[in-house]
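Below is query_24.cif, which holds mmCIF, C-alpha atoms.
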data_structure
loop_
_atom_site.label_atom_id
_atom_site.label_comp_id
_atom_site.auth_asym_id
_atom_site.auth_seq_id
_atom_site.Cartn_x
_atom_site.Cartn_y
_atom_site.Cartn_z
CA MET N 28 -109.79 8.57 154.96
CA SER N 29 -108.15 7.03 158.01
CA GLU N 30 -109.71 4.11 159.89
CA ALA N 31 -109.86 6.26 163.07
CA ASN N 32 -112.23 8.69 161.40
CA LYS N 33 -114.36 5.93 159.88
CA LYS N 34 -115.31 4.59 163.33
CA PHE N 35 -117.56 7.55 164.01
CA GLN N 36 -118.83 7.93 160.46
CA SER N 37 -122.60 7.70 160.07
CA PRO N 38 -124.05 4.71 158.17
CA LEU N 39 -125.06 7.04 155.32
CA GLY N 40 -121.54 8.52 155.22
CA LYS N 41 -120.14 4.98 154.96
CA ALA N 42 -122.64 3.98 152.27
CA ARG N 43 -121.89 7.07 150.18
CA GLY N 44 -118.15 6.55 150.64
CA LEU N 45 -116.10 8.61 148.22
CA GLY N 46 -118.91 8.74 145.67
CA SER N 47 -119.12 7.49 142.10
CA THR N 48 -116.14 7.46 139.79
CA GLY N 49 -118.32 8.08 136.73
CA GLU N 50 -116.67 5.08 135.07
CA GLY N 51 -117.82 1.59 134.31
CA ALA N 52 -120.24 2.02 131.42
CA HIS N 53 -117.44 2.08 128.84
CA HIS N 54 -115.73 -0.94 130.41
CA TRP N 55 -119.03 -2.85 130.46
CA LEU N 56 -119.76 -1.97 126.83
CA MET N 57 -116.27 -2.85 125.60
CA GLU N 58 -116.42 -6.25 127.33
CA ARG N 59 -119.43 -7.01 125.17
CA VAL N 60 -118.10 -5.40 122.00
CA THR N 61 -114.79 -7.31 122.20
CA SER N 62 -116.52 -10.62 122.90
CA ILE N 63 -118.80 -10.15 119.89
CA ALA N 64 -115.82 -9.11 117.74
CA ILE N 65 -113.75 -12.12 118.76
CA THR N 66 -116.49 -14.70 118.11
CA PRO N 67 -116.31 -14.78 114.26
CA LEU N 68 -112.52 -14.48 114.45
CA VAL N 69 -112.31 -17.64 116.56
CA PHE N 70 -114.20 -19.57 113.85
CA TRP N 71 -111.94 -18.03 111.18
CA LEU N 72 -108.82 -19.06 113.17
CA ILE N 73 -110.07 -22.64 113.68
CA TRP N 74 -110.95 -22.90 109.99
CA SER N 75 -107.50 -21.52 109.04
CA MET N 76 -105.71 -23.95 111.34
CA ILE N 77 -107.59 -26.86 109.77
CA GLU N 78 -106.64 -25.55 106.31
CA LEU N 79 -103.00 -25.21 107.37
CA ARG N 80 -102.78 -28.74 108.77
CA GLY N 81 -99.57 -30.49 107.73
CA LYS N 82 -98.30 -27.48 105.76
CA SER N 83 -94.63 -26.55 105.96
CA TYR N 84 -93.18 -23.59 107.85
CA TRP N 85 -92.59 -21.78 104.56
CA GLU N 86 -96.20 -22.30 103.46
CA PHE N 87 -97.42 -21.01 106.82
CA THR N 88 -95.29 -17.86 106.59
CA GLN N 89 -96.58 -17.38 103.03
CA TRP N 90 -100.14 -17.65 104.37
CA LEU N 91 -99.33 -14.97 106.96
CA THR N 92 -97.90 -12.57 104.39
CA LEU N 93 -101.36 -12.18 102.86
CA PRO N 94 -102.62 -8.84 104.25
CA TRP N 95 -106.08 -10.30 104.89
CA ASN N 96 -104.71 -13.08 107.13
CA ALA N 97 -102.20 -10.88 108.97
CA ALA N 98 -104.84 -8.19 109.63
CA LEU N 99 -107.41 -10.69 110.93
CA LEU N 100 -104.82 -12.37 113.15
CA ILE N 101 -103.74 -8.99 114.60
CA MET N 102 -107.38 -8.10 115.21
CA PHE N 103 -107.87 -11.43 116.93
CA ILE N 104 -104.81 -10.91 119.15
CA ILE N 105 -105.85 -7.37 120.11
CA GLY N 106 -109.45 -8.45 120.76
CA VAL N 107 -108.49 -11.44 122.89
CA PHE N 108 -105.91 -9.57 124.97
CA TRP N 109 -108.18 -6.57 125.43
CA HIS N 110 -111.08 -8.80 126.47
CA SER N 111 -108.90 -10.86 128.83
CA VAL N 112 -107.37 -7.86 130.55
CA MET N 113 -110.85 -6.38 131.15
CA GLY N 114 -112.11 -9.70 132.51
CA LEU N 115 -109.09 -10.12 134.78
CA GLN N 116 -109.53 -6.58 136.07
CA VAL N 117 -113.07 -7.45 137.16
CA VAL N 118 -111.88 -10.65 138.87
CA ILE N 119 -109.19 -8.69 140.76
CA GLU N 120 -111.71 -6.03 141.75
CA ASP N 121 -114.13 -8.72 142.94
CA TYR N 122 -111.79 -10.65 145.16
CA THR N 123 -109.06 -8.29 146.37
CA THR N 124 -110.03 -6.25 149.40
CA SER N 125 -106.88 -4.17 149.93
CA HIS N 126 -107.03 -1.01 147.79
CA ALA N 127 -103.26 -0.82 147.28
CA LYS N 128 -103.00 -4.48 146.30
CA LYS N 129 -105.97 -4.11 143.97
CA LEU N 130 -104.48 -1.12 142.14
CA LEU N 131 -101.01 -2.68 141.87
CA LEU N 132 -102.39 -6.00 140.58
CA ILE N 133 -104.53 -4.26 137.94
CA ILE N 134 -101.60 -2.14 136.75
CA ALA N 135 -99.30 -5.20 136.68
CA VAL N 136 -101.84 -7.24 134.69
CA LYS N 137 -102.35 -4.38 132.22
CA ILE N 138 -98.60 -3.97 131.65
CA ALA N 139 -98.08 -7.73 131.29
CA PHE N 140 -100.95 -8.06 128.79
CA ALA N 141 -99.83 -4.97 126.88
CA PHE N 142 -96.36 -6.51 126.57
CA MET N 143 -97.71 -9.88 125.42
CA GLY N 144 -100.07 -8.19 122.96
CA ILE N 145 -97.38 -5.94 121.48
CA ALA N 146 -94.93 -8.87 121.28
CA SER N 147 -97.55 -10.97 119.43
CA VAL N 148 -98.42 -8.21 116.98
CA PHE N 149 -94.74 -7.47 116.40
CA SER N 150 -94.07 -11.15 115.68
CA ILE N 151 -96.94 -11.31 113.17
CA LEU N 152 -95.73 -8.15 111.42
CA LYS N 153 -92.16 -9.43 111.35
CA ILE N 154 -93.26 -12.53 109.43
CA ALA N 155 -95.84 -10.71 107.33
CA LEU N 156 -93.71 -7.79 106.19
CA MET I 25 -109.36 -11.50 149.92
CA ALA I 26 -112.96 -12.58 149.77
CA GLU I 27 -114.04 -14.82 152.62
CA PHE I 28 -114.63 -18.38 151.55
CA THR I 29 -114.73 -19.92 155.03
CA LEU I 30 -116.32 -18.71 158.23
CA PRO I 31 -114.05 -16.94 160.72
CA LYS I 32 -113.32 -18.96 163.90
CA ASN I 33 -115.84 -17.13 166.05
CA SER I 34 -118.61 -17.66 163.46
CA LYS I 35 -118.26 -21.47 163.17
CA ILE I 36 -121.61 -23.02 164.01
CA MET I 37 -121.53 -25.51 166.91
CA PRO I 38 -124.17 -28.12 167.74
CA GLY I 39 -126.76 -26.74 170.17
CA LYS I 40 -129.44 -28.13 172.44
CA LYS I 41 -132.14 -30.56 171.38
CA VAL I 42 -135.65 -29.93 172.64
CA ASP I 43 -138.53 -32.29 171.98
CA ALA I 44 -141.62 -30.21 172.64
CA ALA I 45 -144.06 -32.53 170.92
CA GLU I 46 -146.32 -34.59 173.13
CA LYS I 47 -146.01 -38.35 173.14
CA GLY I 48 -148.16 -39.78 170.40
CA ALA I 49 -148.01 -36.60 168.31
CA LYS I 50 -148.71 -37.57 164.73
CA ARG I 51 -147.16 -34.65 162.88
CA LYS I 52 -143.73 -34.16 164.43
CA LYS I 53 -141.29 -31.85 162.73
CA THR I 54 -137.78 -30.79 163.69
CA PHE I 55 -136.53 -27.25 163.12
CA LYS I 56 -132.79 -26.65 163.30
CA ILE I 57 -132.45 -22.99 164.17
CA TYR I 58 -129.33 -20.81 164.20
CA ARG I 59 -128.77 -19.27 167.63
CA TYR I 60 -126.33 -16.52 168.44
CA ASP I 61 -126.22 -14.41 171.57
CA PRO I 62 -123.65 -11.59 171.49
CA ASP I 63 -123.79 -11.28 175.29
CA THR I 64 -122.32 -14.74 175.92
CA GLY I 65 -119.36 -14.35 173.57
CA GLU I 66 -119.88 -17.97 172.51
CA ASN I 67 -119.91 -19.29 168.97
CA PRO I 68 -123.28 -19.57 167.23
CA LYS I 69 -125.15 -22.84 167.71
CA LEU I 70 -127.74 -24.82 165.83
CA ASP I 71 -130.58 -25.69 168.23
CA GLU I 72 -133.02 -28.44 167.33
CA PHE I 73 -136.66 -27.98 168.24
CA THR I 74 -139.09 -30.80 167.59
CA ILE I 75 -142.71 -29.66 167.62
CA ASP I 76 -146.12 -31.03 166.81
CA LEU I 77 -147.38 -29.32 163.67
CA ASP I 78 -150.94 -29.71 164.96
CA ASN I 79 -150.07 -26.98 167.48
CA CYS I 80 -149.22 -24.31 164.91
CA GLY I 81 -150.28 -22.84 161.58
CA PRO I 82 -149.12 -24.01 158.16
CA MET I 83 -146.24 -21.60 157.53
CA ILE I 84 -142.62 -21.58 158.73
CA LEU I 85 -143.32 -18.33 160.60
CA ASP I 86 -146.20 -20.02 162.46
CA ALA I 87 -143.77 -22.71 163.60
CA ILE I 88 -141.12 -20.33 164.89
CA ILE I 89 -143.75 -18.17 166.61
CA HIS I 90 -145.00 -21.37 168.27
CA ILE I 91 -141.43 -22.20 169.34
CA LYS I 92 -140.96 -18.71 170.79
CA ASN I 93 -144.34 -18.71 172.57
CA ASP I 94 -144.36 -22.22 173.94
CA VAL I 95 -140.87 -23.73 173.82
CA ASP I 96 -138.05 -21.18 174.08
CA SER I 97 -138.93 -17.53 174.59
CA THR I 98 -135.30 -16.44 174.10
CA LEU I 99 -135.50 -17.11 170.34
CA ALA I 100 -135.13 -13.80 168.48
CA PHE I 101 -136.48 -13.07 164.99
CA ARG I 102 -138.25 -10.24 163.20
CA ARG I 103 -141.84 -10.54 162.11
CA SER I 104 -144.77 -8.22 161.71
CA CYS I 105 -147.50 -8.55 159.08
CA ARG I 106 -147.40 -12.37 158.62
CA GLU I 107 -148.66 -11.98 155.04
CA GLY I 108 -145.63 -11.10 152.92
CA ILE I 109 -146.02 -7.36 152.77
CA CYS I 110 -143.66 -6.02 155.46
CA GLY I 111 -140.53 -8.00 154.58
CA SER I 112 -139.50 -8.44 158.22
CA CYS I 113 -139.30 -12.23 158.44
CA ALA I 114 -136.77 -12.76 155.63
CA MET I 115 -134.44 -15.60 156.57
CA ASN I 116 -132.59 -18.50 155.03
CA ILE I 117 -134.81 -21.58 155.04
CA ASP I 118 -133.23 -24.85 153.90
CA GLY I 119 -130.58 -22.93 151.97
CA ARG I 120 -132.87 -20.43 150.28
CA ASN I 121 -133.70 -16.88 151.26
CA ARG I 122 -137.42 -16.75 151.86
CA LEU I 123 -140.07 -14.90 153.81
CA ALA I 124 -140.96 -17.26 156.64
CA CYS I 125 -144.60 -16.12 156.50
CA LEU I 126 -145.04 -17.10 152.83
CA GLU I 127 -143.15 -20.41 153.06
CA PRO I 128 -145.39 -23.43 153.73
CA ILE I 129 -143.93 -26.05 156.07
CA ALA I 130 -145.49 -28.71 153.83
CA GLY I 131 -143.07 -27.79 151.04
CA HIS I 132 -140.12 -29.03 153.09
CA SER I 133 -139.41 -32.69 153.68
CA GLY I 134 -137.23 -33.79 156.60
CA ASP I 135 -135.75 -31.41 159.16
CA ILE I 136 -135.95 -27.71 158.33
CA LYS I 137 -132.79 -25.66 158.80
CA ILE I 138 -133.25 -21.96 159.44
CA THR I 139 -130.38 -19.45 159.51
CA PRO I 140 -130.31 -15.65 159.26
CA LEU I 141 -129.92 -13.92 155.88
CA PRO I 142 -126.44 -14.87 154.60
CA HIS I 143 -123.32 -12.75 154.97
CA MET I 144 -124.85 -10.05 157.14
CA PRO I 145 -123.68 -9.18 160.65
CA VAL I 146 -125.97 -10.93 163.15
CA VAL I 147 -127.55 -8.97 165.98
CA LYS I 148 -129.07 -12.04 167.64
CA ASP I 149 -130.33 -15.44 166.42
CA LEU I 150 -132.25 -14.80 163.18
CA VAL I 151 -131.98 -11.00 163.33
CA PRO I 152 -129.46 -9.58 160.84
CA ASP I 153 -128.03 -6.07 161.15
CA LEU I 154 -129.55 -4.10 158.25
CA THR I 155 -127.95 -0.74 159.09
CA HIS I 156 -125.66 -0.64 156.05
CA VAL I 157 -128.20 -1.82 153.50
CA TYR I 158 -130.73 0.74 154.80
CA ALA I 159 -128.05 3.44 154.52
CA GLN I 160 -127.41 2.30 150.95
CA TYR I 161 -131.13 2.65 150.28
CA ASN I 162 -130.97 6.15 151.72
CA SER I 163 -127.98 6.93 149.49
CA ILE I 164 -129.98 6.51 146.26
CA GLU I 165 -132.40 9.18 147.51
CA PRO I 166 -135.56 7.11 147.04
CA TRP I 167 -138.01 9.96 146.66
CA LEU I 168 -139.45 11.98 143.79
CA LYS I 169 -137.01 14.72 142.75
CA THR I 170 -138.23 17.61 140.63
CA ASP I 171 -137.10 21.15 139.83
CA THR I 172 -140.33 22.20 138.12
CA GLN I 173 -142.65 24.04 140.46
CA ALA I 174 -145.07 21.66 142.13
CA PRO I 175 -148.48 21.57 140.42
CA SER I 176 -151.55 22.64 142.36
CA ARG I 177 -152.98 19.14 141.97
CA GLU I 178 -151.43 15.67 141.73
CA ARG I 179 -148.59 15.04 139.25
CA LEU I 180 -150.12 13.36 136.22
CA GLN I 181 -148.89 10.03 134.88
CA SER I 182 -150.27 7.89 132.07
CA PRO I 183 -151.41 4.35 132.91
CA GLU I 184 -148.61 3.06 130.62
CA ASP I 185 -145.98 5.01 132.56
CA ALA I 186 -147.47 3.89 135.87
CA ASN I 187 -147.26 0.32 134.61
CA LYS I 188 -143.49 0.67 134.26
CA LEU I 189 -143.41 0.99 138.04
CA ASN I 190 -146.26 -1.31 139.02
CA GLY I 191 -145.83 -3.92 136.29
CA ASP I 192 -148.67 -5.37 134.22
CA ASP I 193 -148.88 -8.22 136.72
CA GLY I 194 -148.25 -6.10 139.82
CA ARG I 195 -144.65 -7.29 139.94
CA GLY I 196 -142.95 -4.09 138.86
CA PRO I 197 -140.10 -2.50 140.83
CA SER I 198 -142.44 -0.55 143.11
CA ALA I 199 -143.68 -3.84 144.60
CA CYS I 200 -140.34 -4.34 146.37
CA ILE I 201 -140.81 -4.70 150.14
CA LEU I 202 -137.10 -4.34 151.02
CA CYS I 203 -136.81 -7.77 152.63
CA PHE I 204 -133.26 -8.10 151.18
CA CYS I 205 -133.66 -11.77 150.25
CA CYS I 206 -132.12 -10.80 146.88
CA SER I 207 -129.16 -8.74 148.06
CA THR I 208 -128.14 -11.34 150.63
CA SER I 209 -128.33 -14.14 148.03
CA CYS I 210 -125.94 -12.29 145.68
CA PRO I 211 -122.29 -13.47 145.83
CA SER I 212 -121.16 -10.13 144.46
CA TYR I 213 -122.91 -8.44 147.38
CA TRP I 214 -121.29 -10.90 149.80
CA TRP I 215 -117.80 -9.99 148.55
CA ASN I 216 -118.26 -6.24 148.04
CA ALA I 217 -121.21 -5.09 150.15
CA GLU I 218 -119.27 -2.01 151.28
CA LYS I 219 -119.47 -0.43 147.82
CA PHE I 220 -121.78 -2.57 145.63
CA LEU I 221 -125.37 -1.43 146.12
CA GLY I 222 -126.82 -4.90 145.60
CA PRO I 223 -129.97 -5.95 143.71
CA ALA I 224 -132.56 -4.61 146.19
CA ILE I 225 -131.15 -1.09 146.13
CA LEU I 226 -130.55 -1.12 142.37
CA LEU I 227 -134.13 -2.32 141.78
CA ASN I 228 -135.31 0.67 143.80
CA ALA I 229 -132.89 3.00 141.99
CA TRP I 230 -134.52 1.80 138.75
CA ARG I 231 -137.97 2.43 140.25
CA TRP I 232 -137.10 6.16 140.47
CA ILE I 233 -135.20 6.36 137.18
CA ALA I 234 -138.21 4.80 135.41
CA ASP I 235 -140.70 7.15 137.06
CA SER I 236 -142.00 9.56 134.40
CA ARG I 237 -142.70 12.19 137.09
CA ASP I 238 -139.10 12.25 138.34
CA GLU I 239 -136.75 14.85 136.83
CA ALA I 240 -133.44 13.53 138.17
CA ALA I 241 -132.83 10.45 135.99
CA GLY I 242 -129.49 11.80 134.73
CA GLU I 243 -128.32 12.69 138.21
CA ARG I 244 -129.39 9.26 139.45
CA LEU I 245 -127.47 7.55 136.62
CA ASP I 246 -124.41 9.70 137.39
CA GLN I 247 -124.57 8.46 140.97
CA LEU I 248 -124.74 4.84 139.85
CA GLU I 249 -122.05 4.93 137.17
CA ASP I 250 -119.27 3.31 139.10
CA PRO I 251 -117.40 0.01 138.75
CA PHE I 252 -118.61 -0.98 142.23
CA LYS I 253 -121.97 0.64 142.92
CA LEU I 254 -123.59 -0.81 139.77
CA TYR I 255 -121.12 -2.84 137.74
CA ARG I 256 -120.31 -5.43 140.43
CA CYS I 257 -123.49 -7.06 139.13
CA HIS I 258 -122.30 -9.97 136.98
CA THR I 259 -125.81 -11.20 136.10
CA ILE I 260 -125.59 -14.16 138.46
CA MET I 261 -129.41 -13.85 138.78
CA ASN I 262 -129.69 -15.28 142.31
CA CYS I 263 -131.65 -12.11 143.06
CA THR I 264 -134.50 -12.92 140.71
CA GLU I 265 -134.50 -16.56 141.80
CA SER I 266 -134.72 -15.66 145.48
CA CYS I 267 -137.29 -12.83 145.39
CA PRO I 268 -140.25 -14.06 147.47
CA LYS I 269 -142.51 -11.54 145.70
CA GLY I 270 -141.60 -12.81 142.22
CA LEU I 271 -139.96 -9.52 141.19
CA ASN I 272 -137.05 -9.29 138.76
CA PRO I 273 -134.15 -7.22 140.16
CA ALA I 274 -131.78 -8.65 137.49
CA LYS I 275 -133.94 -7.16 134.74
CA ALA I 276 -134.08 -3.79 136.53
CA ILE I 277 -130.27 -3.75 136.72
CA ALA I 278 -130.08 -4.66 133.02
CA GLU I 279 -132.40 -1.71 132.26
CA ILE I 280 -130.08 0.64 134.18
CA LYS I 281 -127.06 -0.70 132.26
CA LYS I 282 -128.95 -0.22 128.99
CA LEU I 283 -129.64 3.43 129.86
CA MET I 284 -125.96 3.92 130.72
CA VAL I 285 -125.08 2.94 127.14
CA GLU I 286 -128.07 4.70 125.61
CA ARG I 287 -127.05 8.07 127.02
CA LYS I 288 -123.64 7.72 125.40
CA ALA I 289 -125.11 7.36 121.93
#

Final structure tokens representation of the file:
Amino acid sequence: MSEANKKFQSPLGKARGLGSTGEGAHHWLMERVTSIAITPLVFWLIWSMIELRGKSYWEFTQWLTLPWNAALLIMFIIGVFWHSVMGLQVVIEDYTTSHAKKLLLIIAVKIAFAFMGIASVFSILKIAL
Amino acid sequence: MAEFTLPKNSKIMPGKKVDAAEKGAKRKKTFKIYRYDPDTGENPKLDEFTIDLDNCGPMILDAIIHIKNDVDSTLAFRRSCREGICGSCAMNIDGRNRLACLEPIAGHSGDIKITPLPHMPVVKDLVPDLTHVYAQYNSIEPWLKTDTQAPSRERLQSPEDANKLNGDDGRGPSACILCFCCSTSCPSYWWNAEKFLGPAILLNAWRWIADSRDEAAGERLDQLEDPFKLYRCHTIMNCTESCPKGLNPAKAIAEIKKLMVERKA
């Protein structure tokens, strides 16, 4: 809707705007699900890093070839990136007023995080397999 | 971007100082009051009025009524019931959104600073423009919606169901007086008031969703399911802290979010 038309819009018309998108509940739920999923994985990762202290590169790669370790690490990477991208989306939505800028930033962040996530998972698999 | 500083024409300048207390007054108190007159085109000012508390009642509202009656009749503010039931005299008192009529002067040491409700357009002095927030209230259709034919007598409701609205302690969602202390204390509402409904409106949306006599809960939830209308709430909880009636808008919003998930399962 153009700005020229908005000037004469009634307060109720402005308040209703373009209506509800019917989205948001899934995003809200997944923010919570991913944060709960990541929590035990963080403790597992810290514990693993303590265990792997001072070990050689070969020993570390051996550790990663165990399916259990590789799977948990991939889950951790996916969970963290998923959670971060959802959180960043909310921050962008909160503080960016221009619709075009908002949409572009969200898409850019999603592509960047997808790339980083895929690259991380690929690297883990490359060592593990 | 969100506004973190005031625009140039909203910067508050020092205003006049008026000492209206008589010499020898024992209970002098200074009120620093935000003044803005759209007709002059000047920046807002902070006027200082010193009065004798023996000349007015015990509440902040009594003091500003005394200032308007006896010191400066150009001071503009809303007030009506003077007992916390109409919600007209909501304003920011010493940094907190309060109803001036329920706020004792004795609870404030030093000078008392009074400004309009934060982040709202100002009509004049302490009078904020509530057009948009009222329109948002209108948008949630705050009335009983039913498709079943109306009964010949009143619509029945169990005391337990009525309690969901009234609260065991009388502080349920139906006790909201629409003073907007909560909405105007919410940073999320400051940044995204155009689309975010804010705690006051969401509390009232919950009041109708929770009403056992209403038949439009699903439709109401459909209307609210939006990243901005509902989910701009980040549980900051300023709303609950600022409610002068002791209500809990944050909990009402949490209940709506719970139902959003519940209806998926």

Can you check which residues of chain N have any atom within 10 Å of chain I? Use all atoms listed in the file and format it as a VMD selection string.
chain N and resid 37 to 56 117 119 to 125

Can you give me, as a PyMOL selection string, the residues this file yields under the PyMOL selection byres ((chain N and resi 92) around 10)?
chain N and resi 86-91+93-98+151-156

If I take CA of Met144 (chain I) and CA of Asn272 (chain I), how far is one from the other in Å, to one decimal?
22.1 Å

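Take the candidates I:Gly81, I:Gly65, I:Pro223, I:Gly196 and check each one against Cys210 (chain I) using all atoms listed in the file; the shortest distance goes to I:Pro223.
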
Might you pull out every residue within 10 Å of Ser209 (chain I), with all atoms listed in the file counted and same-chain residues fewer than 2 positions away left off, and present them as a PyMOL selection string?
chain I and resi 116+119-121+141-143+204-207+211-214+222-223+260-267

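Against the coordinates shown, the PyMOL selection byres ((chain I and resi 108) around 9) returns Cys105, Arg106, Glu107, Ile109, Cys110, Gly111, Ser112, Cys113, Leu123, Ala124, Cys125, Leu126, Ile201, Pro268 and Lys269 of chain I.
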
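In this model, the gap between CA of Tyr58 (chain I) and CA of Ile138 (chain I) comes to 6.3 Å.
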
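Nearest residue to Ile63 (chain N) among N:Ile101, N:Ile133, N:Val107, N:Ile138 is N:Val107, counting only C-alpha atoms.
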
Spatial neighbours of Asn187 (chain I), 12 Å, all atoms listed in the file, chain gap at least 2 places, as a PyMOL selection string:
chain I and resi 181-185+189-199+231+234-236

With the PyMOL selection byres ((chain N and resi 69) around 12) as the selection, what would be picked from this file? Answer as a PyMOL selection string, please.
chain N and resi 62-68+70-76+99-100+102-104+106-107
